[in-house]
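Have a look at the structure below before the remarks.
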Amino acid sequence: MLRPSKTRISSKNTGRTMARLLLLSGVFLVLCMTSAVAKGQEKDFFPGIPDIKYEGPYSRNPLAYKYYNAEEEILGGKMKDWLRFSVAFWHSFRGDGSDPFGSPTRQWPWDDGTETLETAFTRMRANFEFLKKLGVNLWCFHDRDISPEGRTLEETNEMFDQVVDLALSLQKGTDIHPLWGTAQLFKHPRYAQGAATSPDARVFAVAAAQVKKCLEVTKKLGGENYVFWGGREGYQTLLTTDLKKELDHMALFLRLAAEHKKKIGFNGTLLLEPKPQEPTKHQYDWDAATTIGFLEHYGLGDEFKLNIECNHATLAGHSCFHELEFSRINGKLGNIDANTGDAQTGWDTDQFLTDPTEAALVGLAIIRNGGLAPGGINFDAKLRRESIDVEDLFIGHISGMDALARGLRVAAKIVEDGALEKLVQKRYAGWTGLGAKIEAGTVSLEDLAKAAEQLTLDDLTFSGKEELAEVILQTFVSGPFIHEAEAQPVGSESGRTEL
Ligand code: XUL
Ligand code: CO
């Protein structure tokens, strides 16, 4: 029980006490401010947004999963383990809607647009709140999107350490950790003429220092992979470019990184991310085939796998399926940056992938690869400039996750059904008998010429059955099978989209 004090306080005493109180509260205020600066403001950045749950394909709730049911088993594995979704920090927490023609269109509640440590802390808190609400435990980052650039490398790394310590403390007690980390070697003016392929060795050295630090940080955060995207590793004109020197330097740079990875005991996979152009007009990691050829040529094949980005695939004139399959058959499929381009736009629009057929083919490559772990599916995808509500960030990710979850379901049906596989087997049925000998390498060109003389030449045509293959694919993409497992709507009462 509180009792009134018996001590009478003189006015002189009162003055002193007041002064002490003022001093104490001043100190308290400063302490509070420092700790807020040190940790970033604790805040609910997404009020009104629930934890996103699975409601089944009949739900019209835009803030619910219709196909992604994390714990559900597909072909003996949980959906969350097949798909291993990840949020890209740069698009979600740094994306402000600006484009080469216009200023930012959105002001996120966690971003005052300043390059301060305090804002870096706040963005990191928003990232963790977002991941938890979305039910995703993986995230990807560039060093410079999570922490600012200082005046010296030492100052930059000091700030980086502070942001990483906050991320570590936010990860504590959760299973959240990075799918991959990467150094941003394309934004700063010093990298305008390349990082590893810069004509200046000093720039090569600074880039190497950034990679060294970022490898160490990725390990510290429990990251499972480390990515190299050579945004400036290419040329704008061959007239001023020593092509051989630049390619040699790029290989040297990657070798140094692979050595450092071993030195620090980082077990993550190193990944190269092909992209043909943008920002440079020709990037050395043009596509999967070029990149694998480069790795093999420089003896780096055992050290690196690939991170295939769907929109990069289409920029290179391929489908995402092609790039995934080409990497897979070479034992190099490490990770997917899931996004898509716009059919009418010729650049990297990084939209969320929502096309059911494209998603089914991505699912097929994942199943054929036996999953992606320790890789996963990173949403290297951004909201369009016009989407400015915090809610849109959830809707975008849900749309991408559901599309790929649906793609996985469709692909599993295609594999279980076996008709497509049979069609392919039948198409190559001619590779028995003589074919088996050719494959075994036991026949010469003369043997083949002799064998050919015995063949009836007008008997060598047969149908390629391409339309039939498309019918089989579409039977599962758009047919009734996809809904079979979820005949009953779960959760959502509403039969209409809640807007
Ligand atoms: C750029 C791109 C990058 C990489 C990481 O097109 O895809 O965001 O994924 O540097
Ligand atoms: Co990417």
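Each chain of the structure tokens is named A, B, ... in the order shown, its residues numbered from 1; ligands are numbered from 1 in display order.
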
Write out as a PyMOL selection string each polymer residue (protein, DNA or RNA) that has an atom no more than 7 Å from ligand 1, with only C-alpha atoms and all ligand atoms counted. chain A and resi 142+182+184+227-229+231+273+309+337+348+380

Go ahead and save the picked residues with C-alpha atoms, as a CSV table (one decimal), in the first residue's frame.
```
chain,number,residue,atom,x,y,z
A,142,HIS,CA,22.5,-7.0,-50.9
A,182,THR,CA,25.2,-10.8,-52.2
A,184,GLN,CA,26.0,-4.8,-54.5
A,227,VAL,CA,25.0,-15.0,-55.2
A,228,PHE,CA,27.1,-13.1,-57.8
A,229,TRP,CA,25.1,-11.1,-60.3
A,231,GLY,CA,25.4,-6.2,-63.2
A,273,GLU,CA,23.1,-15.4,-61.9
A,309,GLU,CA,16.0,-15.7,-63.0
A,337,ASP,CA,14.8,-15.9,-58.8
A,348,ASP,CA,13.5,-6.6,-66.9
A,380,ASP,CA,13.2,-11.0,-57.1
```

Residues within 6 Å of stretch 283-294 of chain A, only C-alpha atoms, excluding chain neighbours under 6 positions, as a PDB file with N, CA, C and O atoms, in the first residue's frame:
```pdb
ATOM      1  N   GLU A 233      29.446  -6.382 -65.025  1.00  0.00           N
ATOM      2  CA  GLU A 233      30.506  -7.220 -65.597  1.00  0.00           C
ATOM      3  C   GLU A 233      30.147  -7.497 -67.057  1.00  0.00           C
ATOM      4  O   GLU A 233      29.503  -8.499 -67.385  1.00  0.00           O
ATOM      5  N   GLY A 234      30.523  -6.574 -67.897  1.00  0.00           N
ATOM      6  CA  GLY A 234      30.206  -6.657 -69.319  1.00  0.00           C
ATOM      7  C   GLY A 234      30.749  -5.410 -69.969  1.00  0.00           C
ATOM      8  O   GLY A 234      31.639  -4.766 -69.422  1.00  0.00           O
ATOM      9  N   PRO A 274      22.852 -15.608 -64.291  1.00  0.00           N
ATOM     10  CA  PRO A 274      22.973 -15.107 -65.663  1.00  0.00           C
ATOM     11  C   PRO A 274      21.938 -14.032 -65.996  1.00  0.00           C
ATOM     12  O   PRO A 274      20.819 -14.053 -65.499  1.00  0.00           O
ATOM     13  N   LYS A 275      22.373 -13.104 -66.827  1.00  0.00           N
ATOM     14  CA  LYS A 275      21.473 -12.076 -67.386  1.00  0.00           C
ATOM     15  C   LYS A 275      22.178 -11.532 -68.623  1.00  0.00           C
ATOM     16  O   LYS A 275      23.366 -11.219 -68.551  1.00  0.00           O
ATOM     17  N   PRO A 276      21.496 -11.413 -69.746  1.00  0.00           N
ATOM     18  CA  PRO A 276      22.209 -11.056 -70.975  1.00  0.00           C
ATOM     19  C   PRO A 276      22.619  -9.590 -71.069  1.00  0.00           C
ATOM     20  O   PRO A 276      23.706  -9.279 -71.540  1.00  0.00           O
ATOM     21  N   GLN A 277      21.716  -8.717 -70.681  1.00  0.00           N
ATOM     22  CA  GLN A 277      22.058  -7.292 -70.698  1.00  0.00           C
ATOM     23  C   GLN A 277      21.169  -6.560 -69.715  1.00  0.00           C
ATOM     24  O   GLN A 277      20.326  -7.176 -69.084  1.00  0.00           O
ATOM     25  N   GLU A 323      16.083 -22.435 -69.311  1.00  0.00           N
ATOM     26  CA  GLU A 323      17.254 -22.126 -68.474  1.00  0.00           C
ATOM     27  C   GLU A 323      17.347 -23.067 -67.275  1.00  0.00           C
ATOM     28  O   GLU A 323      18.440 -23.495 -66.883  1.00  0.00           O
TER      29      GLU A 323
END
```

Just want the 6 Å neighbourhood of A:Lys305, counted on only C-alpha atoms, with same-chain residues fewer than 5 positions away dropped. Output as a ChimeraX atom specification. /A:271,332,334

How many Å lie between atom CA of A:Glu154 and atom CA of A:Phe121, rounded to one decimal? 19.0 Å

Run DSSP on the backbone and give me the residues of stretch 167-294 of chain A it puts in helix (DSSP H, G or I), as a ChimeraX atom specification. /A:167-171,189-191,201-220,238-240,243-263,288-294

Across A:Leu460, A:Met250, A:Leu168, A:Ile264, the smallest distance to A:Glu216, with only C-alpha atoms counted, is shown by A:Ile264

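Distances here use only C-alpha atoms and all ligand atoms; by that measure, the residue among A:Val211, A:Cys140, A:Leu393, A:Ile52 closest to ligand 2 is A:Cys140.
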
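Residues within 12 Å of stretch 111-115 of chain A, counting only C-alpha atoms and excluding same-chain residues fewer than 5 positions away, are Gly40, Gln41, Phe45, Ser92, Phe93, Arg94, Gly95, Asp96, Pro104, Arg106, Ala120, Phe121, Thr122, Arg123, Met124, Arg125, Ala126, Asn127, Arg144, Asp145, Ile146, Ser147, Pro148, Glu149, Gly150, Thr156 and Met159 of chain A.
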
Can you write out the residues you just picked, keeping C-alpha atoms, as a compact mmCIF listing (two decimals), in the first residue's frame?
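Writing the result to result.txt gives the following:
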```
# COMPACT_ATOMS: atom_id res chain seq x y z
CA GLY A 40 15.09 1.17 -34.80
CA GLN A 41 11.54 1.95 -33.78
CA PHE A 45 4.12 -1.69 -39.81
CA SER A 92 10.17 -5.11 -50.81
CA PHE A 93 11.87 -2.73 -48.41
CA ARG A 94 13.81 -0.38 -50.69
CA GLY A 95 11.53 -0.27 -53.72
CA ASP A 96 9.98 3.17 -53.90
CA PRO A 104 9.23 7.65 -56.13
CA ARG A 106 5.32 5.42 -52.54
CA ALA A 120 18.28 0.82 -41.86
CA PHE A 121 17.23 -0.62 -38.49
CA THR A 122 13.62 0.28 -39.07
CA ARG A 123 13.56 -1.34 -42.51
CA MET A 124 15.04 -4.51 -41.03
CA ARG A 125 12.30 -4.63 -38.39
CA ALA A 126 9.69 -4.24 -41.11
CA ASN A 127 11.32 -7.11 -43.04
CA ARG A 144 24.08 -2.03 -49.47
CA ASP A 145 20.33 -2.39 -49.34
CA ILE A 146 20.38 -3.37 -45.69
CA SER A 147 23.04 -0.90 -44.54
CA PRO A 148 24.37 2.41 -45.81
CA GLU A 149 27.67 3.24 -47.49
CA GLY A 150 30.06 5.21 -45.22
CA THR A 156 30.75 1.10 -44.01
CA MET A 159 27.46 0.13 -39.88
```

A:Ala343: which residues within 12 Å, counting only C-alpha atoms, same-chain residues fewer than 3 positions away excluded, as a list in words? Asn311, Thr314, Leu315, Thr340, Gly346, Trp347, Asp348, Thr349, Gln351 and Asp355 of chain A

Assign secondary structure with DSSP using the backbone only, and return the residues of stretch 98-278 of chain A in strand (DSSP E) as a compact mmCIF listing (two decimals) with C-alpha atoms, in the first residue's frame.
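states_15.txt, freshly written:
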```txt
# COMPACT_ATOMS: atom_id res chain seq x y z
CA LEU A 138 13.88 -17.02 -45.93
CA TRP A 139 15.10 -13.62 -47.13
CA CYS A 140 17.75 -12.34 -49.53
CA PHE A 141 19.79 -9.15 -49.38
CA HIS A 142 22.52 -7.04 -50.94
CA HIS A 177 17.55 -16.83 -42.03
CA PRO A 178 18.89 -15.68 -45.42
CA LEU A 179 18.44 -17.88 -48.47
CA TRP A 180 21.34 -15.89 -49.88
CA GLY A 181 23.36 -12.76 -49.49
CA THR A 182 25.17 -10.77 -52.17
CA ASN A 225 23.89 -19.55 -50.48
CA TYR A 226 25.82 -16.60 -51.84
CA VAL A 227 25.01 -14.97 -55.19
CA PHE A 228 27.09 -13.13 -57.79
CA GLY A 234 30.21 -6.66 -69.32
CA TYR A 235 30.75 -3.85 -71.78
CA THR A 269 26.57 -22.73 -52.31
CA LEU A 270 28.10 -20.05 -54.52
CA LEU A 271 25.74 -19.09 -57.34
CA LEU A 272 26.16 -17.12 -60.55
```
